[in-house]
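Structure file data_17.pdb (PDB, N, CA, C and O atoms) is printed below.
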```
ATOM      1  N   ILE A   1     -12.972   3.243  -7.638
ATOM      2  CA  ILE A   1     -11.575   3.404  -7.241
ATOM      3  C   ILE A   1     -11.540   3.984  -5.831
ATOM      4  O   ILE A   1     -12.246   4.934  -5.526
ATOM      5  N   VAL A   2     -10.699   3.374  -5.001
ATOM      6  CA  VAL A   2     -10.552   3.810  -3.615
ATOM      7  C   VAL A   2      -9.083   4.107  -3.327
ATOM      8  O   VAL A   2      -8.193   3.635  -4.025
ATOM      9  N   THR A   3      -8.853   4.889  -2.283
ATOM     10  CA  THR A   3      -7.499   5.267  -1.887
ATOM     11  C   THR A   3      -7.288   4.911  -0.422
ATOM     12  O   THR A   3      -8.195   5.074   0.393
ATOM     13  N   ALA A   4      -6.102   4.415  -0.121
ATOM     14  CA  ALA A   4      -5.719   4.133   1.271
ATOM     15  C   ALA A   4      -4.359   4.769   1.508
ATOM     16  O   ALA A   4      -3.496   4.748   0.641
ATOM     17  N   GLU A   5      -4.199   5.332   2.690
ATOM     18  CA  GLU A   5      -2.921   5.938   3.050
ATOM     19  C   GLU A   5      -2.492   5.392   4.396
ATOM     20  O   GLU A   5      -3.307   5.296   5.311
ATOM     21  N   GLY A   6      -1.234   4.995   4.489
ATOM     22  CA  GLY A   6      -0.755   4.454   5.752
ATOM     23  C   GLY A   6       0.714   4.104   5.701
ATOM     24  O   GLY A   6       1.402   4.392   4.734
ATOM     25  N   THR A   7       1.169   3.453   6.753
ATOM     26  CA  THR A   7       2.562   3.055   6.895
ATOM     27  C   THR A   7       2.663   1.539   6.784
ATOM     28  O   THR A   7       1.885   0.811   7.401
ATOM     29  N   ILE A   8       3.607   1.065   5.985
ATOM     30  CA  ILE A   8       3.793  -0.377   5.799
ATOM     31  C   ILE A   8       4.310  -0.990   7.099
ATOM     32  O   ILE A   8       5.302  -0.534   7.660
ATOM     33  N   THR A   9       3.622  -2.043   7.563
ATOM     34  CA  THR A   9       4.038  -2.744   8.779
ATOM     35  C   THR A   9       4.630  -4.116   8.482
ATOM     36  O   THR A   9       5.448  -4.624   9.237
ATOM     37  N   LYS A  10       4.181  -4.755   7.378
ATOM     38  CA  LYS A  10       4.690  -6.075   6.976
ATOM     39  C   LYS A  10       4.678  -6.142   5.457
ATOM     40  O   LYS A  10       3.840  -5.521   4.816
ATOM     41  N   LEU A  11       5.579  -6.965   4.907
ATOM     42  CA  LEU A  11       5.637  -7.185   3.460
ATOM     43  C   LEU A  11       5.825  -8.668   3.178
ATOM     44  O   LEU A  11       6.554  -9.343   3.893
ATOM     45  N   SER A  12       5.164  -9.153   2.128
ATOM     46  CA  SER A  12       5.389 -10.514   1.654
ATOM     47  C   SER A  12       5.668 -10.447   0.163
ATOM     48  O   SER A  12       4.777 -10.137  -0.626
ATOM     49  N   VAL A  13       6.912 -10.698  -0.207
ATOM     50  CA  VAL A  13       7.297 -10.639  -1.609
ATOM     51  C   VAL A  13       6.624 -11.756  -2.395
ATOM     52  O   VAL A  13       6.137 -11.541  -3.506
ATOM     53  N   THR A  14       6.541 -12.951  -1.822
ATOM     54  CA  THR A  14       5.998 -14.099  -2.552
ATOM     55  C   THR A  14       4.517 -13.932  -2.887
ATOM     56  O   THR A  14       4.071 -14.342  -3.952
ATOM     57  N   SER A  15       3.750 -13.317  -2.004
ATOM     58  CA  SER A  15       2.315 -13.145  -2.292
ATOM     59  C   SER A  15       1.986 -11.731  -2.772
ATOM     60  O   SER A  15       0.827 -11.400  -2.963
ATOM     61  N   ARG A  16       3.028 -10.910  -2.971
ATOM     62  CA  ARG A  16       2.853  -9.507  -3.397
ATOM     63  C   ARG A  16       1.838  -8.797  -2.504
ATOM     64  O   ARG A  16       0.915  -8.139  -2.958
ATOM     65  N   GLN A  17       2.025  -8.964  -1.216
ATOM     66  CA  GLN A  17       1.094  -8.394  -0.255
ATOM     67  C   GLN A  17       1.845  -7.531   0.754
ATOM     68  O   GLN A  17       2.954  -7.856   1.156
ATOM     69  N   ALA A  18       1.211  -6.445   1.119
ATOM     70  CA  ALA A  18       1.746  -5.574   2.167
ATOM     71  C   ALA A  18       0.656  -5.381   3.202
ATOM     72  O   ALA A  18      -0.539  -5.523   2.895
ATOM     73  N   TYR A  19       1.052  -5.099   4.389
ATOM     74  CA  TYR A  19       0.091  -4.708   5.421
ATOM     75  C   TYR A  19       0.397  -3.270   5.775
ATOM     76  O   TYR A  19       1.565  -2.913   5.954
ATOM     77  N   ILE A  20      -0.638  -2.452   5.838
ATOM     78  CA  ILE A  20      -0.422  -1.057   6.189
ATOM     79  C   ILE A  20      -1.231  -0.701   7.421
ATOM     80  O   ILE A  20      -2.308  -1.244   7.645
ATOM     81  N   GLU A  21      -0.666   0.180   8.218
ATOM     82  CA  GLU A  21      -1.366   0.690   9.388
ATOM     83  C   GLU A  21      -2.049   1.987   8.974
ATOM     84  O   GLU A  21      -1.398   2.911   8.478
ATOM     85  N   VAL A  22      -3.354   2.013   9.121
ATOM     86  CA  VAL A  22      -4.136   3.197   8.774
ATOM     87  C   VAL A  22      -4.870   3.668  10.014
ATOM     88  O   VAL A  22      -5.134   2.894  10.928
ATOM     89  N   VAL A  23      -5.212   4.947  10.032
ATOM     90  CA  VAL A  23      -5.949   5.507  11.156
ATOM     91  C   VAL A  23      -7.403   5.677  10.738
ATOM     92  O   VAL A  23      -7.694   6.303   9.719
ATOM     93  N   ASN A  24      -8.293   5.092  11.510
ATOM     94  CA  ASN A  24      -9.730   5.216  11.263
ATOM     95  C   ASN A  24     -10.134   6.649  11.595
ATOM     96  O   ASN A  24      -9.959   7.109  12.725
ATOM     97  N   ALA A  25     -10.681   7.363  10.623
ATOM     98  CA  ALA A  25     -11.022   8.779  10.802
ATOM     99  C   ALA A  25     -12.102   8.980  11.864
ATOM    100  O   ALA A  25     -12.130  10.001  12.543
ATOM    101  N   GLU A  26     -12.997   8.015  12.020
ATOM    102  CA  GLU A  26     -14.091   8.156  12.982
ATOM    103  C   GLU A  26     -13.642   7.896  14.419
ATOM    104  O   GLU A  26     -14.038   8.598  15.340
ATOM    105  N   THR A  27     -12.796   6.880  14.612
ATOM    106  CA  THR A  27     -12.398   6.501  15.971
ATOM    107  C   THR A  27     -11.003   6.981  16.358
ATOM    108  O   THR A  27     -10.621   6.906  17.509
ATOM    109  N   ASN A  28     -10.225   7.431  15.363
ATOM    110  CA  ASN A  28      -8.845   7.861  15.560
ATOM    111  C   ASN A  28      -7.953   6.707  16.036
ATOM    112  O   ASN A  28      -6.904   6.925  16.616
ATOM    113  N   GLN A  29      -8.392   5.464  15.799
ATOM    114  CA  GLN A  29      -7.629   4.268  16.170
ATOM    115  C   GLN A  29      -6.809   3.785  14.970
ATOM    116  O   GLN A  29      -7.292   3.806  13.836
ATOM    117  N   ALA A  30      -5.593   3.329  15.227
ATOM    118  CA  ALA A  30      -4.761   2.750  14.175
ATOM    119  C   ALA A  30      -5.112   1.274  14.021
ATOM    120  O   ALA A  30      -5.234   0.552  15.004
ATOM    121  N   VAL A  31      -5.323   0.841  12.779
ATOM    122  CA  VAL A  31      -5.620  -0.558  12.485
ATOM    123  C   VAL A  31      -4.738  -1.022  11.329
ATOM    124  O   VAL A  31      -4.339  -0.234  10.485
ATOM    125  N   GLU A  32      -4.443  -2.319  11.325
ATOM    126  CA  GLU A  32      -3.620  -2.897  10.259
ATOM    127  C   GLU A  32      -4.532  -3.513   9.206
ATOM    128  O   GLU A  32      -5.451  -4.254   9.533
ATOM    129  N   ARG A  33      -4.273  -3.189   7.946
ATOM    130  CA  ARG A  33      -5.089  -3.692   6.845
ATOM    131  C   ARG A  33      -4.195  -4.310   5.770
ATOM    132  O   ARG A  33      -3.129  -3.770   5.459
ATOM    133  N   PRO A  34      -4.630  -5.433   5.167
ATOM    134  CA  PRO A  34      -3.853  -6.027   4.081
ATOM    135  C   PRO A  34      -4.057  -5.261   2.774
ATOM    136  O   PRO A  34      -5.112  -4.688   2.539
ATOM    137  N   LEU A  35      -3.045  -5.282   1.955
ATOM    138  CA  LEU A  35      -3.049  -4.600   0.668
ATOM    139  C   LEU A  35      -2.406  -5.541  -0.332
ATOM    140  O   LEU A  35      -1.249  -5.934  -0.154
ATOM    141  N   ILE A  36      -3.125  -5.948  -1.351
ATOM    142  CA  ILE A  36      -2.577  -6.836  -2.377
ATOM    143  C   ILE A  36      -2.116  -5.957  -3.536
ATOM    144  O   ILE A  36      -2.890  -5.153  -4.060
ATOM    145  N   ILE A  37      -0.859  -6.091  -3.911
ATOM    146  CA  ILE A  37      -0.298  -5.274  -4.981
ATOM    147  C   ILE A  37      -0.441  -6.047  -6.284
ATOM    148  O   ILE A  37       0.141  -7.109  -6.456
ATOM    149  N   GLU A  38      -1.266  -5.516  -7.178
ATOM    150  CA  GLU A  38      -1.552  -6.211  -8.427
ATOM    151  C   GLU A  38      -0.290  -6.334  -9.282
ATOM    152  O   GLU A  38       0.586  -5.472  -9.242
ATOM    153  N   THR A  39      -0.225  -7.419 -10.047
ATOM    154  CA  THR A  39       0.864  -7.587 -10.996
ATOM    155  C   THR A  39       0.777  -6.438 -11.990
ATOM    156  O   THR A  39      -0.291  -6.136 -12.505
ATOM    157  N   GLY A  40       1.881  -5.780 -12.235
ATOM    158  CA  GLY A  40       1.891  -4.640 -13.150
ATOM    159  C   GLY A  40       1.494  -3.323 -12.501
ATOM    160  O   GLY A  40       1.332  -2.320 -13.181
ATOM    161  N   ALA A  41       1.339  -3.326 -11.180
ATOM    162  CA  ALA A  41       0.988  -2.087 -10.478
ATOM    163  C   ALA A  41       2.087  -1.050 -10.683
ATOM    164  O   ALA A  41       3.262  -1.373 -10.771
ATOM    165  N   SER A  42       1.679   0.210 -10.782
ATOM    166  CA  SER A  42       2.630   1.315 -10.898
ATOM    167  C   SER A  42       3.046   1.743  -9.500
ATOM    168  O   SER A  42       2.190   2.084  -8.683
ATOM    169  N   ILE A  43       4.345   1.703  -9.224
ATOM    170  CA  ILE A  43       4.871   2.085  -7.916
ATOM    171  C   ILE A  43       5.858   3.219  -8.142
ATOM    172  O   ILE A  43       6.781   3.092  -8.957
ATOM    173  N   TYR A  44       5.633   4.329  -7.451
ATOM    174  CA  TYR A  44       6.438   5.522  -7.662
ATOM    175  C   TYR A  44       7.087   6.003  -6.378
ATOM    176  O   TYR A  44       6.490   5.939  -5.314
ATOM    177  N   ASN A  45       8.300   6.542  -6.515
ATOM    178  CA  ASN A  45       8.946   7.258  -5.437
ATOM    179  C   ASN A  45       8.334   8.654  -5.450
ATOM    180  O   ASN A  45       8.442   9.374  -6.444
ATOM    181  N   GLY A  46       7.662   9.033  -4.363
ATOM    182  CA  GLY A  46       6.954  10.302  -4.324
ATOM    183  C   GLY A  46       7.849  11.523  -4.332
ATOM    184  O   GLY A  46       7.407  12.622  -4.647
ATOM    185  N   ILE A  47       9.133  11.358  -4.013
ATOM    186  CA  ILE A  47      10.060  12.491  -3.994
ATOM    187  C   ILE A  47      10.627  12.729  -5.393
ATOM    188  O   ILE A  47      10.598  13.841  -5.907
ATOM    189  N   SER A  48      11.116  11.668  -6.023
ATOM    190  CA  SER A  48      11.746  11.819  -7.336
ATOM    191  C   SER A  48      10.769  11.592  -8.491
ATOM    192  O   SER A  48      11.099  11.873  -9.636
ATOM    193  N   SER A  49       9.587  11.055  -8.201
ATOM    194  CA  SER A  49       8.571  10.697  -9.209
ATOM    195  C   SER A  49       9.020   9.568 -10.125
ATOM    196  O   SER A  49       8.389   9.295 -11.131
ATOM    197  N   GLU A  50      10.125   8.891  -9.776
ATOM    198  CA  GLU A  50      10.601   7.764 -10.578
ATOM    199  C   GLU A  50       9.746   6.540 -10.321
ATOM    200  O   GLU A  50       9.323   6.289  -9.188
ATOM    201  N   LYS A  51       9.524   5.759 -11.382
ATOM    202  CA  LYS A  51       8.835   4.480 -11.224
ATOM    203  C   LYS A  51       9.841   3.497 -10.638
ATOM    204  O   LYS A  51      10.989   3.436 -11.077
ATOM    205  N   VAL A  52       9.413   2.760  -9.616
ATOM    206  CA  VAL A  52      10.305   1.803  -8.951
ATOM    207  C   VAL A  52       9.649   0.429  -8.939
ATOM    208  O   VAL A  52       8.459   0.276  -9.229
ATOM    209  N   ASP A  53      10.427  -0.576  -8.572
ATOM    210  CA  ASP A  53       9.960  -1.953  -8.510
ATOM    211  C   ASP A  53       9.307  -2.232  -7.162
ATOM    212  O   ASP A  53       9.561  -1.534  -6.175
ATOM    213  N   PHE A  54       8.506  -3.294  -7.105
ATOM    214  CA  PHE A  54       7.884  -3.753  -5.860
ATOM    215  C   PHE A  54       8.912  -3.901  -4.742
ATOM    216  O   PHE A  54       8.643  -3.596  -3.592
ATOM    217  N   LEU A  55      10.113  -4.349  -5.101
ATOM    218  CA  LEU A  55      11.149  -4.583  -4.097
ATOM    219  C   LEU A  55      11.662  -3.296  -3.461
ATOM    220  O   LEU A  55      12.388  -3.337  -2.471
ATOM    221  N   ALA A  56      11.281  -2.143  -3.995
ATOM    222  CA  ALA A  56      11.675  -0.865  -3.394
ATOM    223  C   ALA A  56      10.857  -0.558  -2.140
ATOM    224  O   ALA A  56      11.249   0.277  -1.336
ATOM    225  N   LEU A  57       9.728  -1.238  -1.968
ATOM    226  CA  LEU A  57       8.896  -1.014  -0.787
ATOM    227  C   LEU A  57       9.593  -1.559   0.446
ATOM    228  O   LEU A  57      10.192  -2.637   0.401
ATOM    229  N   GLU A  58       9.512  -0.814   1.540
ATOM    230  CA  GLU A  58      10.143  -1.230   2.786
ATOM    231  C   GLU A  58       9.207  -0.986   3.952
ATOM    232  O   GLU A  58       8.344  -0.109   3.901
ATOM    233  N   ILE A  59       9.411  -1.753   5.014
ATOM    234  CA  ILE A  59       8.647  -1.536   6.243
ATOM    235  C   ILE A  59       8.929  -0.108   6.729
ATOM    236  O   ILE A  59      10.043   0.386   6.610
ATOM    237  N   ASP A  60       7.903   0.532   7.238
ATOM    238  CA  ASP A  60       7.911   1.918   7.724
ATOM    239  C   ASP A  60       7.778   2.953   6.616
ATOM    240  O   ASP A  60       7.734   4.145   6.904
ATOM    241  N   ASP A  61       7.713   2.529   5.334
ATOM    242  CA  ASP A  61       7.420   3.481   4.262
ATOM    243  C   ASP A  61       5.994   3.989   4.422
ATOM    244  O   ASP A  61       5.078   3.213   4.706
ATOM    245  N   HIS A  62       5.807   5.280   4.235
ATOM    246  CA  HIS A  62       4.460   5.859   4.230
ATOM    247  C   HIS A  62       4.010   5.859   2.774
ATOM    248  O   HIS A  62       4.711   6.371   1.910
ATOM    249  N   ILE A  63       2.857   5.251   2.503
ATOM    250  CA  ILE A  63       2.406   5.116   1.116
ATOM    251  C   ILE A  63       0.971   5.625   0.947
ATOM    252  O   ILE A  63       0.194   5.694   1.896
ATOM    253  N   ILE A  64       0.667   5.965  -0.291
ATOM    254  CA  ILE A  64      -0.709   6.233  -0.711
ATOM    255  C   ILE A  64      -0.987   5.240  -1.829
ATOM    256  O   ILE A  64      -0.270   5.204  -2.835
ATOM    257  N   ALA A  65      -1.983   4.389  -1.629
ATOM    258  CA  ALA A  65      -2.325   3.350  -2.602
ATOM    259  C   ALA A  65      -3.688   3.654  -3.216
ATOM    260  O   ALA A  65      -4.615   4.069  -2.523
ATOM    261  N   THR A  66      -3.794   3.434  -4.518
ATOM    262  CA  THR A  66      -5.049   3.590  -5.236
ATOM    263  C   THR A  66      -5.387   2.254  -5.869
ATOM    264  O   THR A  66      -4.513   1.588  -6.415
ATOM    265  N   GLY A  67      -6.639   1.857  -5.777
ATOM    266  CA  GLY A  67      -7.034   0.581  -6.357
ATOM    267  C   GLY A  67      -8.515   0.316  -6.181
ATOM    268  O   GLY A  67      -9.318   1.248  -6.106
ATOM    269  N   THR A  68      -8.851  -0.960  -6.085
ATOM    270  CA  THR A  68     -10.248  -1.367  -5.961
ATOM    271  C   THR A  68     -10.380  -2.376  -4.818
ATOM    272  O   THR A  68      -9.400  -2.989  -4.404
ATOM    273  N   ILE A  69     -11.592  -2.534  -4.356
ATOM    274  CA  ILE A  69     -11.880  -3.545  -3.349
ATOM    275  C   ILE A  69     -12.658  -4.664  -4.026
ATOM    276  O   ILE A  69     -13.677  -4.418  -4.672
ATOM    277  N   LYS A  70     -12.122  -5.883  -3.912
ATOM    278  CA  LYS A  70     -12.772  -7.082  -4.474
ATOM    279  C   LYS A  70     -12.822  -8.124  -3.376
ATOM    280  O   LYS A  70     -11.805  -8.401  -2.742
ATOM    281  N   ASP A  71     -13.986  -8.674  -3.152
ATOM    282  CA  ASP A  71     -14.169  -9.721  -2.139
ATOM    283  C   ASP A  71     -13.603  -9.303  -0.781
ATOM    284  O   ASP A  71     -13.000 -10.108  -0.064
ATOM    285  N   GLY A  72     -13.741  -8.030  -0.438
ATOM    286  CA  GLY A  72     -13.293  -7.545   0.858
ATOM    287  C   GLY A  72     -11.810  -7.248   0.964
ATOM    288  O   GLY A  72     -11.334  -6.843   2.004
ATOM    289  N   SER A  73     -11.055  -7.454  -0.124
ATOM    290  CA  SER A  73      -9.614  -7.175  -0.120
ATOM    291  C   SER A  73      -9.311  -5.952  -0.975
ATOM    292  O   SER A  73      -9.966  -5.712  -1.979
ATOM    293  N   PHE A  74      -8.293  -5.202  -0.567
ATOM    294  CA  PHE A  74      -7.860  -4.016  -1.309
ATOM    295  C   PHE A  74      -6.796  -4.438  -2.312
ATOM    296  O   PHE A  74      -5.764  -4.982  -1.931
ATOM    297  N   TYR A  75      -7.042  -4.187  -3.597
ATOM    298  CA  TYR A  75      -6.091  -4.491  -4.665
ATOM    299  C   TYR A  75      -5.526  -3.176  -5.176
ATOM    300  O   TYR A  75      -6.257  -2.362  -5.745
ATOM    301  N   ALA A  76      -4.239  -2.951  -4.947
ATOM    302  CA  ALA A  76      -3.601  -1.692  -5.331
ATOM    303  C   ALA A  76      -3.070  -1.773  -6.758
ATOM    304  O   ALA A  76      -2.338  -2.692  -7.106
ATOM    305  N   SER A  77      -3.437  -0.790  -7.580
ATOM    306  CA  SER A  77      -2.913  -0.713  -8.934
ATOM    307  C   SER A  77      -1.884   0.413  -9.067
ATOM    308  O   SER A  77      -1.134   0.459 -10.019
ATOM    309  N   LYS A  78      -1.869   1.315  -8.069
ATOM    310  CA  LYS A  78      -0.879   2.412  -8.049
ATOM    311  C   LYS A  78      -0.491   2.684  -6.599
ATOM    312  O   LYS A  78      -1.345   2.756  -5.731
ATOM    313  N   ILE A  79       0.816   2.837  -6.377
ATOM    314  CA  ILE A  79       1.325   3.148  -5.050
ATOM    315  C   ILE A  79       2.342   4.275  -5.181
ATOM    316  O   ILE A  79       3.200   4.238  -6.050
ATOM    317  N   VAL A  80       2.211   5.262  -4.312
ATOM    318  CA  VAL A  80       3.199   6.334  -4.230
ATOM    319  C   VAL A  80       3.840   6.249  -2.850
ATOM    320  O   VAL A  80       3.148   6.278  -1.835
ATOM    321  N   ILE A  81       5.167   6.115  -2.837
ATOM    322  CA  ILE A  81       5.907   6.075  -1.578
ATOM    323  C   ILE A  81       6.221   7.502  -1.180
ATOM    324  O   ILE A  81       6.838   8.247  -1.947
ATOM    325  N   ARG A  82       5.778   7.882  -0.016
ATOM    326  CA  ARG A  82       6.031   9.242   0.467
ATOM    327  C   ARG A  82       7.323   9.255   1.174
ATOM    328  O   ARG A  82       7.962   9.761   1.742
TER     329      ARG A  82
END
```

Please lay out the structure from this file as structure tokens.
Amino acid sequence: IVTAEGTITKLSVTSRQAYIEVVNAETNQAVERPLIIETGASIYNGISSEKVDFLALEIDDHIIATGTIKDGSFYASKIVIR
């Protein structure tokens, strides 16, 4: 299980994919990475702790995603919107 934290830069509802901007800890450079949101993923509002739908995600949301890496892609099974 891996964790990624960043800001959403792009969203695709049809492919259930988000792109997040993360900062590389070693270089301090911001890079954009794809994030595939698994069907049935748990998505929470970090302030109210309410479970929300995929459609609640918006560009510029700061998120923490937990999931796995398969074939070089990050598959998120849990997302908390900060």

| field | Pairwise distance for atom O of Ala41 of chain A and atom CA of Val22 of chain A, rounded to one decimal in Å | value |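 Separating atom O of Ala41 of chain A from atom CA of Val22 of chain A is a distance of 21.4 Å.
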
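Of the listed residues A:Asp60, A:Ile47, A:Gly40, A:Leu55, the one whose atoms come nearest to Ser77 of chain A is A:Gly40, with distances taken using all atoms listed in the file.
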
Could you write out as a short mmCIF file (atom, residue, chain, number, x, y, z; two decimals) with N, CA, C and O atoms, keeping the file's coordinate frame the residues that the PyMOL selection byres ((chain A and resi 61) around 8) matches in the shown file?
```
data_model
loop_
_atom_site.label_atom_id
_atom_site.label_comp_id
_atom_site.auth_asym_id
_atom_site.auth_seq_id
_atom_site.Cartn_x
_atom_site.Cartn_y
_atom_site.Cartn_z
N GLU A 5 -4.20 5.33 2.69
CA GLU A 5 -2.92 5.94 3.05
C GLU A 5 -2.49 5.39 4.40
O GLU A 5 -3.31 5.30 5.31
N GLY A 6 -1.23 5.00 4.49
CA GLY A 6 -0.76 4.45 5.75
C GLY A 6 0.71 4.10 5.70
O GLY A 6 1.40 4.39 4.73
N THR A 7 1.17 3.45 6.75
CA THR A 7 2.56 3.06 6.90
C THR A 7 2.66 1.54 6.78
O THR A 7 1.88 0.81 7.40
N ILE A 8 3.61 1.06 5.98
CA ILE A 8 3.79 -0.38 5.80
C ILE A 8 4.31 -0.99 7.10
O ILE A 8 5.30 -0.53 7.66
N THR A 9 3.62 -2.04 7.56
CA THR A 9 4.04 -2.74 8.78
C THR A 9 4.63 -4.12 8.48
O THR A 9 5.45 -4.62 9.24
N TYR A 19 1.05 -5.10 4.39
CA TYR A 19 0.09 -4.71 5.42
C TYR A 19 0.40 -3.27 5.78
O TYR A 19 1.56 -2.91 5.95
N ILE A 20 -0.64 -2.45 5.84
CA ILE A 20 -0.42 -1.06 6.19
C ILE A 20 -1.23 -0.70 7.42
O ILE A 20 -2.31 -1.24 7.64
N GLU A 21 -0.67 0.18 8.22
CA GLU A 21 -1.37 0.69 9.39
C GLU A 21 -2.05 1.99 8.97
O GLU A 21 -1.40 2.91 8.48
N ALA A 56 11.28 -2.14 -4.00
CA ALA A 56 11.68 -0.86 -3.39
C ALA A 56 10.86 -0.56 -2.14
O ALA A 56 11.25 0.28 -1.34
N LEU A 57 9.73 -1.24 -1.97
CA LEU A 57 8.90 -1.01 -0.79
C LEU A 57 9.59 -1.56 0.45
O LEU A 57 10.19 -2.64 0.40
N GLU A 58 9.51 -0.81 1.54
CA GLU A 58 10.14 -1.23 2.79
C GLU A 58 9.21 -0.99 3.95
O GLU A 58 8.34 -0.11 3.90
N ILE A 59 9.41 -1.75 5.01
CA ILE A 59 8.65 -1.54 6.24
C ILE A 59 8.93 -0.11 6.73
O ILE A 59 10.04 0.39 6.61
N ASP A 60 7.90 0.53 7.24
CA ASP A 60 7.91 1.92 7.72
C ASP A 60 7.78 2.95 6.62
O ASP A 60 7.73 4.14 6.90
N HIS A 62 5.81 5.28 4.24
CA HIS A 62 4.46 5.86 4.23
C HIS A 62 4.01 5.86 2.77
O HIS A 62 4.71 6.37 1.91
N ILE A 63 2.86 5.25 2.50
CA ILE A 63 2.41 5.12 1.12
C ILE A 63 0.97 5.62 0.95
O ILE A 63 0.19 5.69 1.90
N ILE A 64 0.67 5.96 -0.29
CA ILE A 64 -0.71 6.23 -0.71
C ILE A 64 -0.99 5.24 -1.83
O ILE A 64 -0.27 5.20 -2.84
N VAL A 80 2.21 5.26 -4.31
CA VAL A 80 3.20 6.33 -4.23
C VAL A 80 3.84 6.25 -2.85
O VAL A 80 3.15 6.28 -1.84
N ILE A 81 5.17 6.12 -2.84
CA ILE A 81 5.91 6.08 -1.58
C ILE A 81 6.22 7.50 -1.18
O ILE A 81 6.84 8.25 -1.95
N ARG A 82 5.78 7.88 -0.02
CA ARG A 82 6.03 9.24 0.47
C ARG A 82 7.32 9.26 1.17
O ARG A 82 7.96 9.76 1.74
#
```

| task | Could you state which residues are captured by the PyMOL selection byres ((chain A and resi 65-73) around 4.5) in this file, as a VMD selection string? | result | chain A and resid 1 to 4 63 to 64 74 to 79

| said: Just the number, please: distance in Å from atom N of Thr14 of chain A to atom O of Ile43 of chain A, one decimal. | reply: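 These atoms are spaced 17.6 Å apart.
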
| query | On this structure, which residues satisfy the PyMOL selection byres ((chain A and resi 17) around 8), written as a VMD selection string? | reply | chain A and resid 10 to 16 18 to 20 33 to 38 74

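For the pair atom N of Thr39 of chain A and atom N of Val52 of chain A, the separation is 14.0 Å.
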
Taking every listed atom of segment 1-17 of chain A and adding 8 Å to each side, what centre and edge lengths in Å (one decimal) does the axis-aligned box have, as AutoDock Vina command-line options?
```
--center_x -2.8 --center_y -4.2 --center_z 0.8 --size_x 36.3 --size_y 36.3 --size_z 32.9
```

| Residues flagged strand (DSSP E) by DSSP in segment 1-79 of chain A, as a PyMOL selection string | chain A and resi 2-12+17-23+30-45+51-52+62-70+73-79
